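Trainee: Structure supplied as entry06.cif; contents: mmCIF, C-alpha atoms.
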```
data_query
#
loop_
_atom_site.label_atom_id
_atom_site.label_comp_id
_atom_site.auth_asym_id
_atom_site.auth_seq_id
_atom_site.Cartn_x
_atom_site.Cartn_y
_atom_site.Cartn_z
CA MET A 1012 -24.50 -12.68 29.21
CA ASP A 1013 -21.10 -13.16 30.90
CA THR A 1014 -20.63 -11.04 34.02
CA LEU A 1015 -17.05 -10.57 35.20
CA LYS A 1016 -16.84 -9.33 38.80
CA VAL A 1017 -13.53 -7.73 39.69
CA ARG A 1018 -11.94 -7.29 43.10
CA ASP A 1019 -9.25 -4.69 42.38
CA ALA A 1020 -7.57 -2.62 39.67
CA LYS A 1021 -5.31 -5.54 38.74
CA ASP A 1022 -8.40 -7.64 37.97
CA VAL A 1023 -9.73 -4.81 35.78
CA GLU A 1024 -6.47 -4.74 33.81
CA GLU A 1025 -6.62 -8.50 33.23
CA VAL A 1026 -10.27 -8.44 32.13
CA VAL A 1027 -9.67 -5.57 29.68
CA ARG A 1028 -6.55 -7.24 28.25
CA ALA A 1029 -8.43 -10.50 27.76
CA ALA A 1030 -11.26 -8.57 26.07
CA ILE A 1031 -8.76 -6.95 23.69
CA ALA A 1032 -7.18 -10.31 22.87
CA ASN A 1033 -10.60 -11.86 22.19
CA GLU A 1034 -11.96 -8.73 20.46
CA GLN A 1035 -14.85 -8.88 22.92
CA PRO A 1036 -16.22 -5.44 23.90
CA LEU A 1037 -17.25 -4.89 27.51
CA GLU A 1038 -20.18 -3.11 29.13
CA ILE A 1039 -18.99 -1.44 32.34
CA VAL A 1040 -21.46 -1.33 35.23
CA GLY A 1041 -21.47 -0.50 38.91
CA HIS A 1042 -25.02 -1.23 40.05
CA GLY A 1043 -26.54 -0.56 36.62
CA SER A 1044 -28.80 2.31 37.70
CA LYS A 1045 -28.17 4.27 34.46
CA ARG A 1046 -28.02 1.39 31.97
CA SER A 1047 -31.13 2.64 30.20
CA ILE A 1048 -29.43 5.92 29.22
CA GLY A 1049 -27.72 5.70 25.84
CA HIS A 1050 -27.87 3.15 23.06
CA ALA A 1051 -27.86 -0.62 23.49
CA MET A 1052 -24.24 -1.73 23.57
CA ALA A 1053 -22.63 -4.11 21.11
CA THR A 1054 -21.55 -6.69 23.66
CA ASN A 1055 -22.61 -9.70 25.69
CA ALA A 1056 -19.91 -9.34 28.36
CA VAL A 1057 -20.28 -7.18 31.47
CA LEU A 1058 -17.43 -5.83 33.61
CA ASP A 1059 -18.94 -5.42 37.09
CA ILE A 1060 -16.96 -3.08 39.37
CA SER A 1061 -19.47 -3.05 42.26
CA ALA A 1062 -17.00 -4.84 44.57
CA LEU A 1063 -14.63 -1.86 44.30
CA ASN A 1064 -16.66 -0.06 46.94
CA ALA A 1065 -14.24 1.14 49.64
CA VAL A 1066 -13.70 4.65 50.95
CA THR A 1067 -9.92 4.87 50.56
CA SER A 1068 -9.52 8.05 52.60
CA TYR A 1069 -11.64 10.94 53.85
CA GLU A 1070 -10.06 14.08 55.24
CA PRO A 1071 -12.89 16.40 56.30
CA ASN A 1072 -10.50 19.16 57.38
CA GLU A 1073 -8.85 19.09 53.94
CA LEU A 1074 -12.24 18.87 52.14
CA ILE A 1075 -11.08 15.83 50.15
CA ILE A 1076 -12.43 12.30 49.80
CA THR A 1077 -10.93 9.38 47.85
CA LEU A 1078 -13.21 6.48 46.94
CA GLN A 1079 -13.26 3.39 44.81
CA ALA A 1080 -15.53 3.80 41.80
CA GLY A 1081 -18.10 1.22 42.90
CA ALA A 1082 -18.79 2.94 46.24
CA PRO A 1083 -22.58 3.43 46.62
CA LEU A 1084 -23.41 7.11 46.22
CA GLU A 1085 -26.09 7.07 48.91
CA ASP A 1086 -23.64 5.70 51.50
CA VAL A 1087 -21.01 8.27 50.56
CA LEU A 1088 -23.53 11.12 50.83
CA SER A 1089 -24.49 9.89 54.30
CA LEU A 1090 -20.82 9.71 55.32
CA ILE A 1091 -20.00 13.28 54.31
CA ASP A 1092 -23.35 14.58 55.59
CA ALA A 1093 -22.37 13.33 59.05
CA LYS A 1094 -19.49 15.83 58.86
CA THR A 1095 -21.87 18.58 57.63
CA GLN A 1096 -20.30 18.40 54.18
CA GLN A 1097 -21.64 17.80 50.67
CA PHE A 1098 -20.80 17.47 47.00
CA ALA A 1099 -21.48 21.08 46.06
CA PHE A 1100 -22.54 20.20 42.48
CA GLU A 1101 -25.57 18.31 43.83
CA PRO A 1102 -25.35 15.03 41.87
CA MET A 1103 -28.70 14.11 40.37
CA ASN A 1104 -30.43 10.95 41.57
CA THR A 1105 -31.77 9.50 38.31
CA ALA A 1106 -33.71 6.69 40.01
CA PRO A 1107 -37.13 8.45 40.19
CA LEU A 1108 -36.90 9.60 36.58
CA LEU A 1109 -35.78 6.23 35.20
CA GLY A 1110 -37.86 4.11 37.56
CA THR A 1111 -34.82 2.19 38.86
CA PRO A 1112 -33.63 1.42 42.40
CA ALA A 1113 -31.58 4.22 43.99
CA VAL A 1114 -28.31 2.31 43.82
CA GLY A 1115 -26.00 4.67 41.92
CA THR A 1116 -22.23 4.56 42.41
CA ILE A 1117 -19.52 7.21 42.55
CA GLY A 1118 -18.13 6.00 39.21
CA GLY A 1119 -21.56 6.29 37.60
CA MET A 1120 -21.98 9.78 39.05
CA ILE A 1121 -18.72 10.92 37.40
CA ALA A 1122 -19.26 9.01 34.13
CA ALA A 1123 -22.72 10.58 33.68
CA GLY A 1124 -21.69 14.02 34.93
CA LEU A 1125 -25.28 15.04 35.75
CA ALA A 1126 -25.14 17.96 38.18
CA GLY A 1127 -27.97 19.65 40.03
CA PRO A 1128 -29.26 23.23 40.37
CA ARG A 1129 -26.13 24.62 42.07
CA ARG A 1130 -24.06 24.00 38.95
CA ILE A 1131 -24.90 27.54 37.89
CA LYS A 1132 -22.71 28.75 40.77
CA VAL A 1133 -20.13 26.04 41.49
CA GLY A 1134 -19.77 24.10 38.22
CA GLY A 1135 -20.40 20.45 37.46
CA ALA A 1136 -18.99 17.10 38.54
CA ARG A 1137 -15.87 17.57 36.42
CA ASP A 1138 -15.00 20.76 38.32
CA HIS A 1139 -14.93 18.85 41.62
CA LEU A 1140 -12.97 15.84 40.37
CA LEU A 1141 -9.37 16.26 41.53
CA GLY A 1142 -7.91 12.96 40.37
CA ALA A 1143 -8.62 9.44 39.21
CA HIS A 1144 -7.07 6.00 38.81
CA ALA A 1145 -8.39 4.15 35.77
CA VAL A 1146 -7.67 1.40 33.27
CA SER A 1147 -7.58 2.41 29.61
CA GLY A 1148 -8.73 0.46 26.57
CA PHE A 1149 -5.10 -0.66 26.20
CA GLY A 1150 -5.46 -2.61 29.46
CA ASP A 1151 -3.04 -0.27 31.25
CA SER A 1152 -3.63 1.47 34.57
CA PHE A 1153 -3.05 5.20 34.66
CA LYS A 1154 -3.36 7.97 37.18
CA THR A 1155 -4.46 11.53 36.45
CA GLY A 1156 -4.69 14.54 38.75
CA GLY A 1157 -3.94 14.26 42.43
CA LYS A 1158 -5.18 14.87 45.96
CA VAL A 1159 -4.77 18.62 46.15
CA VAL A 1160 -7.02 21.32 44.74
CA LYS A 1161 -4.19 23.20 43.02
CA ASN A 1162 -2.75 20.29 41.08
CA VAL A 1163 -1.24 21.55 37.82
CA THR A 1164 1.04 18.68 36.85
CA GLY A 1165 0.58 17.35 33.33
CA TYR A 1166 -2.67 17.16 31.38
CA ASP A 1167 -5.92 17.37 33.34
CA LEU A 1168 -7.16 14.08 31.89
CA CYS A 1169 -9.60 13.39 34.70
CA LYS A 1170 -11.84 16.18 33.35
CA LEU A 1171 -12.28 14.11 30.17
CA LEU A 1172 -13.59 11.15 32.18
CA ALA A 1173 -16.49 13.18 33.60
CA GLY A 1174 -19.44 12.79 31.25
CA SER A 1175 -17.68 10.18 29.08
CA TRP A 1176 -20.24 7.45 29.96
CA GLY A 1177 -17.51 4.84 30.40
CA THR A 1178 -16.24 5.04 26.82
CA LEU A 1179 -12.68 6.19 27.62
CA SER A 1180 -11.59 4.05 30.56
CA VAL A 1181 -12.72 2.00 33.54
CA MET A 1182 -12.41 4.23 36.60
CA THR A 1183 -11.24 2.35 39.67
CA GLU A 1184 -10.71 5.19 42.16
CA VAL A 1185 -11.52 8.90 42.25
CA THR A 1186 -10.64 11.87 44.46
CA LEU A 1187 -13.27 14.57 44.88
CA LYS A 1188 -13.60 17.93 46.59
CA VAL A 1189 -16.26 18.16 49.27
CA MET A 1190 -17.62 21.45 50.60
CA PRO A 1191 -19.20 22.54 53.91
CA LYS A 1192 -22.99 22.51 53.92
CA PRO A 1193 -24.46 26.00 54.20
CA GLU A 1194 -25.81 26.93 57.60
CA ALA A 1195 -29.07 28.27 56.17
CA GLU A 1196 -31.10 28.05 52.99
CA ARG A 1197 -33.79 30.47 51.82
CA THR A 1198 -35.89 30.20 48.66
CA LEU A 1199 -37.98 33.01 47.21
CA LEU A 1200 -41.09 31.98 45.26
CA LEU A 1201 -42.82 34.03 42.59
CA ARG A 1202 -46.16 32.71 41.37
CA GLY A 1203 -47.99 32.98 38.07
CA LEU A 1204 -45.21 34.24 35.77
CA ASP A 1205 -45.16 33.16 32.13
CA ASP A 1206 -41.92 31.67 30.78
CA ALA A 1207 -40.59 34.96 29.33
CA ALA A 1208 -41.24 36.95 32.52
CA ALA A 1209 -39.74 34.15 34.63
CA ASN A 1210 -36.64 34.19 32.44
CA LYS A 1211 -36.27 37.93 33.05
CA ALA A 1212 -36.77 37.50 36.81
CA MET A 1213 -34.17 34.72 37.01
CA THR A 1214 -31.72 36.76 34.89
CA ALA A 1215 -32.17 39.77 37.17
CA ALA A 1216 -31.63 37.64 40.29
CA LEU A 1217 -28.56 35.86 38.91
CA GLY A 1218 -27.07 39.17 37.78
CA SER A 1219 -27.60 40.72 41.22
CA PRO A 1220 -24.94 40.91 43.97
CA PHE A 1221 -27.01 38.63 46.24
CA ASP A 1222 -25.18 35.37 45.41
CA VAL A 1223 -28.11 33.30 44.14
CA SER A 1224 -27.15 29.60 44.15
CA ALA A 1225 -30.04 28.22 42.06
CA ALA A 1226 -32.82 29.54 39.82
CA ALA A 1227 -35.63 27.48 38.30
CA HIS A 1228 -39.07 27.88 36.77
CA LEU A 1229 -41.94 25.39 36.64
CA PRO A 1230 -44.52 26.70 34.14
CA LYS A 1231 -48.26 26.41 34.72
CA SER A 1232 -49.17 22.81 34.04
CA ALA A 1233 -52.22 20.62 34.07
CA PHE A 1234 -49.89 17.64 34.62
CA ARG A 1235 -48.39 18.81 37.90
CA ALA A 1236 -51.43 19.30 40.15
CA ASN A 1237 -50.21 16.73 42.67
CA THR A 1238 -46.45 16.46 42.25
CA ASP A 1239 -44.58 14.58 44.95
CA GLY A 1240 -42.09 16.84 46.68
CA LEU A 1241 -43.87 20.13 46.01
CA GLY A 1242 -46.56 19.60 48.63
CA ASP A 1243 -48.77 22.64 49.03
CA ILE A 1244 -46.22 24.92 47.40
CA ALA A 1245 -47.42 24.26 43.85
CA GLY A 1246 -51.10 25.05 44.35
CA GLN A 1247 -53.07 23.61 41.42
CA GLY A 1248 -50.25 23.31 38.93
CA GLU A 1249 -49.68 27.08 38.86
CA ALA A 1250 -46.44 28.55 37.53
CA LEU A 1251 -43.63 28.77 40.11
CA THR A 1252 -40.36 30.69 39.78
CA VAL A 1253 -37.91 29.84 42.56
CA LEU A 1254 -34.58 31.38 43.58
CA ARG A 1255 -32.25 29.99 46.25
CA LEU A 1256 -29.88 31.78 48.62
CA GLU A 1257 -27.47 29.95 50.93
CA GLY A 1258 -24.92 30.84 53.59
CA ILE A 1259 -24.81 31.85 57.22
CA THR A 1260 -28.27 32.59 58.60
CA ALA A 1261 -27.93 36.35 59.00
CA SER A 1262 -26.51 36.76 55.50
CA ALA A 1263 -29.14 34.54 53.84
CA ARG A 1264 -31.93 36.43 55.62
CA HIS A 1265 -30.53 39.83 54.63
CA ARG A 1266 -29.94 38.85 50.99
CA ALA A 1267 -33.43 37.35 50.75
CA GLY A 1268 -34.92 40.67 51.84
CA SER A 1269 -32.83 42.61 49.32
CA LEU A 1270 -33.62 40.17 46.51
CA ARG A 1271 -37.33 40.38 47.28
CA GLU A 1272 -37.13 44.16 46.74
CA LEU A 1273 -35.28 43.69 43.46
CA LEU A 1274 -37.95 41.26 42.24
CA ALA A 1275 -40.91 43.46 43.27
CA PRO A 1276 -41.69 44.39 39.63
CA PHE A 1277 -42.39 40.67 38.98
CA GLY A 1278 -44.73 40.24 41.95
CA THR A 1279 -44.56 39.67 45.69
CA ALA A 1280 -42.13 36.87 46.52
CA THR A 1281 -42.92 34.49 49.35
CA LEU A 1282 -40.21 32.79 51.39
CA ILE A 1283 -39.59 29.18 52.39
CA GLU A 1284 -36.71 28.11 54.61
CA ASP A 1285 -34.26 25.29 55.26
CA ALA A 1286 -35.98 21.84 55.17
CA ALA A 1287 -38.89 23.00 53.01
CA SER A 1288 -36.49 24.78 50.66
CA SER A 1289 -34.19 21.73 50.49
CA GLY A 1290 -37.13 19.47 49.60
CA LEU A 1291 -38.17 21.81 46.79
CA TRP A 1292 -34.69 21.80 45.25
CA THR A 1293 -34.42 18.02 45.51
CA THR A 1294 -37.68 17.88 43.52
CA ILE A 1295 -36.15 20.09 40.82
CA ARG A 1296 -32.75 18.33 40.87
CA ASP A 1297 -34.30 14.88 40.37
CA VAL A 1298 -37.06 16.14 38.02
CA LEU A 1299 -39.75 14.55 40.19
CA PRO A 1300 -42.64 16.10 38.21
CA PHE A 1301 -41.62 13.74 35.38
CA ALA A 1302 -40.94 10.71 37.61
CA ALA A 1303 -41.47 7.25 36.15
CA GLY A 1304 -44.16 6.57 38.74
CA GLY A 1305 -46.06 9.79 38.06
CA ALA A 1306 -48.61 11.03 35.53
CA LEU A 1307 -45.96 11.50 32.82
CA GLY A 1308 -44.03 8.32 33.60
CA ALA A 1309 -44.60 6.83 30.14
CA TRP A 1310 -43.42 9.95 28.30
CA PRO A 1311 -39.90 10.32 26.88
CA VAL A 1312 -37.80 12.92 28.71
CA TRP A 1313 -35.18 15.17 27.11
CA ARG A 1314 -32.44 17.15 28.81
CA ILE A 1315 -31.71 20.27 26.74
CA VAL A 1316 -28.83 22.63 27.50
CA CYS A 1317 -28.90 26.06 25.84
CA PRO A 1318 -27.95 29.68 26.53
CA PRO A 1319 -30.27 30.88 29.34
CA ALA A 1320 -31.47 33.83 27.24
CA SER A 1321 -32.87 31.35 24.68
CA GLY A 1322 -34.41 28.97 27.22
CA ALA A 1323 -37.89 30.50 27.55
CA ALA A 1324 -38.48 30.73 23.80
CA LEU A 1325 -37.24 27.19 23.16
CA GLY A 1326 -39.22 25.63 26.01
CA THR A 1327 -42.42 27.49 25.13
CA GLN A 1328 -42.10 26.48 21.47
CA LEU A 1329 -41.51 22.82 22.30
CA ALA A 1330 -44.42 22.63 24.73
CA ARG A 1331 -46.74 24.32 22.22
CA GLU A 1332 -45.64 22.20 19.22
CA THR A 1333 -45.75 18.84 20.98
CA GLY A 1334 -48.28 19.23 23.80
CA GLY A 1335 -45.50 18.40 26.23
CA ASP A 1336 -44.41 19.79 29.58
CA VAL A 1337 -41.15 21.56 30.48
CA ILE A 1338 -39.18 22.61 33.56
CA TYR A 1339 -36.39 25.20 33.50
CA ASP A 1340 -33.28 24.91 35.70
CA TRP A 1341 -30.05 26.98 35.86
CA GLY A 1342 -31.91 30.19 35.08
CA GLY A 1343 -33.27 28.68 31.87
CA GLY A 1344 -29.98 27.17 30.67
CA LEU A 1345 -31.23 23.64 31.30
CA ILE A 1346 -34.65 22.54 30.07
CA TRP A 1347 -36.20 19.23 31.06
CA ALA A 1348 -38.90 18.33 28.53
CA ALA A 1349 -41.40 15.48 28.90
CA LEU A 1350 -43.06 14.99 25.53
CA PRO A 1351 -46.04 12.81 24.53
CA PRO A 1352 -45.09 9.30 23.37
CA LYS A 1353 -44.08 9.07 19.73
CA ALA A 1354 -41.90 6.64 17.75
CA ASP A 1355 -39.16 9.25 17.34
CA ALA A 1356 -39.70 10.97 20.73
CA HIS A 1357 -40.19 14.25 18.77
CA ALA A 1358 -36.44 14.20 18.06
CA PRO A 1359 -36.60 16.39 14.89
CA ALA A 1360 -38.39 19.20 16.75
CA VAL A 1361 -36.10 18.93 19.80
CA ARG A 1362 -32.89 18.86 17.74
CA ALA A 1363 -34.00 21.72 15.47
CA GLY A 1364 -34.89 23.87 18.47
CA ALA A 1365 -31.66 23.06 20.33
CA ASN A 1366 -29.53 23.71 17.25
CA ALA A 1367 -31.25 27.03 16.55
CA ALA A 1368 -30.61 28.11 20.16
CA GLY A 1369 -26.96 27.02 20.06
CA GLY A 1370 -27.57 24.18 22.50
CA HIS A 1371 -27.71 20.39 22.61
CA ALA A 1372 -30.21 17.75 23.73
CA THR A 1373 -29.90 14.30 25.29
CA LEU A 1374 -32.72 11.75 25.42
CA ILE A 1375 -32.52 10.67 29.06
CA ARG A 1376 -35.63 8.46 29.26
CA ALA A 1377 -37.14 6.42 26.43
CA GLY A 1378 -37.91 2.80 25.60
CA GLU A 1379 -35.28 0.72 23.82
CA ASP A 1380 -37.24 0.78 20.54
CA VAL A 1381 -37.16 4.60 20.56
CA ARG A 1382 -33.45 4.65 21.44
CA ARG A 1383 -32.76 2.38 18.48
CA ALA A 1384 -34.62 4.79 16.18
CA VAL A 1385 -33.09 8.13 17.25
CA ASP A 1386 -29.77 9.51 18.44
CA VAL A 1387 -29.75 9.63 22.24
CA PHE A 1388 -26.83 12.06 22.43
CA HIS A 1389 -26.73 15.20 20.32
CA PRO A 1390 -24.98 14.66 16.97
CA GLN A 1391 -21.76 16.66 16.94
CA ALA A 1392 -20.53 19.01 14.22
CA PRO A 1393 -18.01 17.24 11.94
CA GLY A 1394 -14.94 18.97 13.40
CA ILE A 1395 -15.96 18.28 17.02
CA ALA A 1396 -16.93 14.69 16.14
CA ALA A 1397 -13.50 14.09 14.57
CA LEU A 1398 -11.76 15.51 17.65
CA SER A 1399 -13.94 13.42 20.00
CA GLU A 1400 -13.11 10.30 18.02
CA ARG A 1401 -9.36 11.03 18.19
CA VAL A 1402 -9.63 11.46 21.96
CA ARG A 1403 -11.61 8.22 22.30
CA ALA A 1404 -9.20 6.29 20.10
CA SER A 1405 -6.23 7.53 22.14
CA PHE A 1406 -7.79 5.92 25.24
CA ASP A 1407 -9.44 2.88 23.65
CA PRO A 1408 -8.30 2.16 20.06
CA LYS A 1409 -10.19 -1.15 19.74
CA SER A 1410 -13.42 0.33 21.12
CA ILE A 1411 -13.57 -2.28 23.88
CA LEU A 1412 -15.30 -0.11 26.49
CA ASN A 1413 -19.06 0.56 26.25
CA ARG A 1414 -18.99 0.20 22.48
CA GLY A 1415 -21.96 1.83 20.77
CA ARG A 1416 -23.34 3.61 23.83
CA LEU A 1417 -22.82 7.16 22.56
CA ILE A 1418 -23.31 6.89 18.80
CA ARG A 1419 -26.15 4.96 17.19
CA GLY A 1420 -25.40 2.37 14.53
CA THR A 1421 -21.61 2.57 14.71
CA ALA A 1422 -18.84 0.44 16.13
CA VAL A 1423 -17.83 3.15 18.60
#
```
Using structure tokens, write down the structure from this file.

Mentor:
Amino acid sequence: MDTLKVRDAKDVEEVVRAAIANEQPLEIVGHGSKRSIGHAMATNAVLDISALNAVTSYEPNELIITLQAGAPLEDVLSLIDAKTQQFAFEPMNTAPLLGTPAVGTIGGMIAAGLAGPRRIKVGGARDHLLGAHAVSGFGDSFKTGGKVVKNVTGYDLCKLLAGSWGTLSVMTEVTLKVMPKPEAERTLLLRGLDDAAANKAMTAALGSPFDVSAAAHLPKSAFRANTDGLGDIAGQGEALTVLRLEGITASARHRAGSLRELLAPFGTATLIEDAASSGLWTTIRDVLPFAAGGALGAWPVWRIVCPPASGAALGTQLARETGGDVIYDWGGGLIWAALPPKADAHAPAVRAGANAAGGHATLIRAGEDVRRAVDVFHPQAPGIAALSERVRASFDPKSILNRGRLIRGTAV
């Protein structure tokens, strides 16, 4: 396989133009940490942007950072952490789940658009992306958005790039909002609730005036007796419902007390603070109970997004029908499902359940043979699919970029 390493945006333009001239599609990679998500691509040429790794500018007082797309995510998180700042959408580290080195890049973070538990309050990666420089499938550089939060000039094209999995353009530089880290973090734990009761508890908490920043439920499970990251919190795989509050210390403490009273009908909530709380939410963000190195490491893993009110019923049904294990995030709006190995990864049951709930499902972890047999990304309704294709063709008419990654058995 030919690997073309680029040094700057001009190099990217030249590589894309040569690929168009030769009708040679390109696979775009940073460090390749998410290459196993999606379908095998119809190409034998790789465009490697890992050398585009500079921090162009960082203005902590303005809460803005501009980076080249190949900048290592871990280094960037360390940089902004030193200023007591963070990406508020909590980008997921897919390495434990996929069993890959933790070498993700900023470009990969935006292209995948996988946000963590705080998305329920602050939105996803796309909501924190202020601007981008990129090269389209025409081989032309373009700029979208800017370096201010209230940028309203022209079309907000950079929002399209988030979650596009590299099929619209090659990002070379992005500008992102950063936010101050909260002074304190408190998590309330309820034990022993079934999925339906947990759903009601999370709905009550999220509908309260106490500014809950994350809500998740780990059902009772025989598979999670010794999950890394949960320590003694999990007991022997018992059900855990967890709710996070953040802010200045006095406020977080007061709101935790009020929320505990509100949740009294569901049981007595216990409290964990700061570092212990942060570790718990990292476990949920990165889906460590389903980690590649754990008991369920050989099982396919689905990421199902649905209305939170439907989450408990869908998750319970899937676990019962397949013998699998589920975790609920975002108050039940996001279900992670690890299902027993099967040639089709239980795709018919997952898709039927997601469709009935008005949601969609993505197969995040599965072997290549399974990904060849089933759709990784949720098939779109005909009208939406036609619109998506028009958008893609307006960026990349020859389907040069990551051809075949999103849709199985097609040229796009």

Trainee: Skip region 1335-1340 of chain A itself and residues of its chain fewer than 4 positions away, then list as a list of chain:residue names all residues within 6 Å of it, counting only C-alpha atoms.

Mentor: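 Neighbouring residues, sequence-local ones excluded: A:Ala1227, A:His1228, A:Leu1229, A:Ala1330, A:Leu1345, A:Ile1346, A:Trp1347, A:Ala1348, A:Ala1349, A:Leu1350, A:Pro1351.
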
Trainee: Quick one: apply the PyMOL selection byres ((chain A and resi 1155) around 6) to the file and drop the selected residues here as a PyMOL selection string.

Mentor: chain A and resi 1142-1143+1154+1156+1168-1169

Trainee: Nearest residue to Asp1092 (chain A) out of A:Ala1263, A:Ala1126, A:Val1361, A:Met1190, using all atoms listed in the file?

Mentor: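 Smallest separation from Asp1092 (chain A) among the options: A:Met1190.
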
Trainee: Any chance you could work out the residue set of the PyMOL selection byres ((chain A and resi 1132) around 12) here, as a PyMOL selection string?

Mentor: chain A and resi 1099-1101+1126-1131+1133-1135+1138+1217-1218+1222-1226+1255-1257+1341-1342

Trainee: List the residues matched by the PyMOL selection byres ((chain A and resi 1107) around 12) in the displayed structure as number ranges by chain, ordered by chain and then by residue number.

Mentor: A: 1044-1045, 1103-1106, 1108-1115, 1239-1240, 1293-1305, 1307-1308, 1376

Trainee: Hey, can you spit out that residue selection with C-alpha atoms as an mmCIF file, keeping the file's coordinate frame?

Mentor:
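Final output, part_36.cif:
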```cif
data_model
loop_
_atom_site.group_PDB
_atom_site.id
_atom_site.type_symbol
_atom_site.label_atom_id
_atom_site.label_comp_id
_atom_site.auth_asym_id
_atom_site.auth_seq_id
_atom_site.Cartn_x
_atom_site.Cartn_y
_atom_site.Cartn_z
ATOM 1 C CA SER A 1044 -28.800 2.310 37.700
ATOM 2 C CA LYS A 1045 -28.170 4.270 34.460
ATOM 3 C CA MET A 1103 -28.700 14.110 40.370
ATOM 4 C CA ASN A 1104 -30.430 10.950 41.570
ATOM 5 C CA THR A 1105 -31.770 9.500 38.310
ATOM 6 C CA ALA A 1106 -33.710 6.690 40.010
ATOM 7 C CA LEU A 1108 -36.900 9.600 36.580
ATOM 8 C CA LEU A 1109 -35.780 6.230 35.200
ATOM 9 C CA GLY A 1110 -37.860 4.110 37.560
ATOM 10 C CA THR A 1111 -34.820 2.190 38.860
ATOM 11 C CA PRO A 1112 -33.630 1.420 42.400
ATOM 12 C CA ALA A 1113 -31.580 4.220 43.990
ATOM 13 C CA VAL A 1114 -28.310 2.310 43.820
ATOM 14 C CA GLY A 1115 -26.000 4.670 41.920
ATOM 15 C CA ASP A 1239 -44.580 14.580 44.950
ATOM 16 C CA GLY A 1240 -42.090 16.840 46.680
ATOM 17 C CA THR A 1293 -34.420 18.020 45.510
ATOM 18 C CA THR A 1294 -37.680 17.880 43.520
ATOM 19 C CA ILE A 1295 -36.150 20.090 40.820
ATOM 20 C CA ARG A 1296 -32.750 18.330 40.870
ATOM 21 C CA ASP A 1297 -34.300 14.880 40.370
ATOM 22 C CA VAL A 1298 -37.060 16.140 38.020
ATOM 23 C CA LEU A 1299 -39.750 14.550 40.190
ATOM 24 C CA PRO A 1300 -42.640 16.100 38.210
ATOM 25 C CA PHE A 1301 -41.620 13.740 35.380
ATOM 26 C CA ALA A 1302 -40.940 10.710 37.610
ATOM 27 C CA ALA A 1303 -41.470 7.250 36.150
ATOM 28 C CA GLY A 1304 -44.160 6.570 38.740
ATOM 29 C CA GLY A 1305 -46.060 9.790 38.060
ATOM 30 C CA LEU A 1307 -45.960 11.500 32.820
ATOM 31 C CA GLY A 1308 -44.030 8.320 33.600
ATOM 32 C CA ARG A 1376 -35.630 8.460 29.260
#
```

Trainee: With a distance cut-off of 12 Å and all atoms listed in the file, select the neighbouring residues of Ser1399 (chain A), excluding the residue or stretch itself and same-chain residues fewer than 4 positions from it, and output the selection as a list in words.

Mentor: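 Counting all atoms listed in the file, the residues come to Leu1171, Ser1175, Thr1178, Leu1179, Pro1390, Gln1391, Ala1392, Pro1393, Gly1394, Ile1395, Arg1403, Ala1404, Ser1405, Phe1406, Leu1417, Ile1418 and Val1423 of chain A.
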
Trainee: Got time to write the residues from that selection, C-alpha atoms, as an mmCIF file, keeping the file's coordinate frame?

Mentor:
```
data_model
loop_
_atom_site.group_PDB
_atom_site.id
_atom_site.type_symbol
_atom_site.label_atom_id
_atom_site.label_comp_id
_atom_site.auth_asym_id
_atom_site.auth_seq_id
_atom_site.Cartn_x
_atom_site.Cartn_y
_atom_site.Cartn_z
ATOM 1 C CA LEU A 1171 -12.280 14.110 30.170
ATOM 2 C CA SER A 1175 -17.680 10.180 29.080
ATOM 3 C CA THR A 1178 -16.240 5.040 26.820
ATOM 4 C CA LEU A 1179 -12.680 6.190 27.620
ATOM 5 C CA PRO A 1390 -24.980 14.660 16.970
ATOM 6 C CA GLN A 1391 -21.760 16.660 16.940
ATOM 7 C CA ALA A 1392 -20.530 19.010 14.220
ATOM 8 C CA PRO A 1393 -18.010 17.240 11.940
ATOM 9 C CA GLY A 1394 -14.940 18.970 13.400
ATOM 10 C CA ILE A 1395 -15.960 18.280 17.020
ATOM 11 C CA ARG A 1403 -11.610 8.220 22.300
ATOM 12 C CA ALA A 1404 -9.200 6.290 20.100
ATOM 13 C CA SER A 1405 -6.230 7.530 22.140
ATOM 14 C CA PHE A 1406 -7.790 5.920 25.240
ATOM 15 C CA LEU A 1417 -22.820 7.160 22.560
ATOM 16 C CA ILE A 1418 -23.310 6.890 18.800
ATOM 17 C CA VAL A 1423 -17.830 3.150 18.600
#
```

Trainee: Rank nothing, just name the residue among A:Ile1060, A:Leu1282, A:Val1146, A:Leu1084 nearest to Glu1025 (chain A), using all atoms listed in the file.

Mentor: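 The shortest atom-to-atom distance to Glu1025 (chain A) comes from A:Val1146.
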
Trainee: Which is closer to Phe1234 (chain A) than all the others in A:Thr1186, A:Ile1117, A:Thr1252, A:Ala1306, using all atoms listed in the file?

Mentor: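 Looking at the shortest contact to Phe1234 (chain A), the residue is A:Ala1306.
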
Trainee: How many Å separate CA of His1042 (chain A) from CA of Thr1116 (chain A)?

Mentor: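 Distance between the two atoms: 6.8 Å.
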
Trainee: Just give me the gap between CA of Arg1419 (chain A) and CA of Gln1328 (chain A) in Å, one decimal is fine.

Mentor: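 If I compute the distance from CA of Arg1419 (chain A) to CA of Gln1328 (chain A), I get 27.1 Å.
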
Trainee: Point out the residue among A:Val1057, A:Ile1375, A:Ala1384, A:Ala1145 with the least atom-to-atom distance to Gln1079 (chain A), counting only C-alpha atoms.

Mentor: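 Nearest candidate to Gln1079 (chain A) out of A:Val1057, A:Ile1375, A:Ala1384, A:Ala1145: A:Ala1145.
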
Trainee: Mind checking which residues fall within 6 Å of His1144 (chain A), counting only C-alpha atoms, ignoring those fewer than 3 positions away in the same chain, and posting them as a list in words?

Mentor: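 Neighbouring residues, sequence-local ones excluded: Phe1153, Lys1154, Thr1183 and Glu1184 of chain A.
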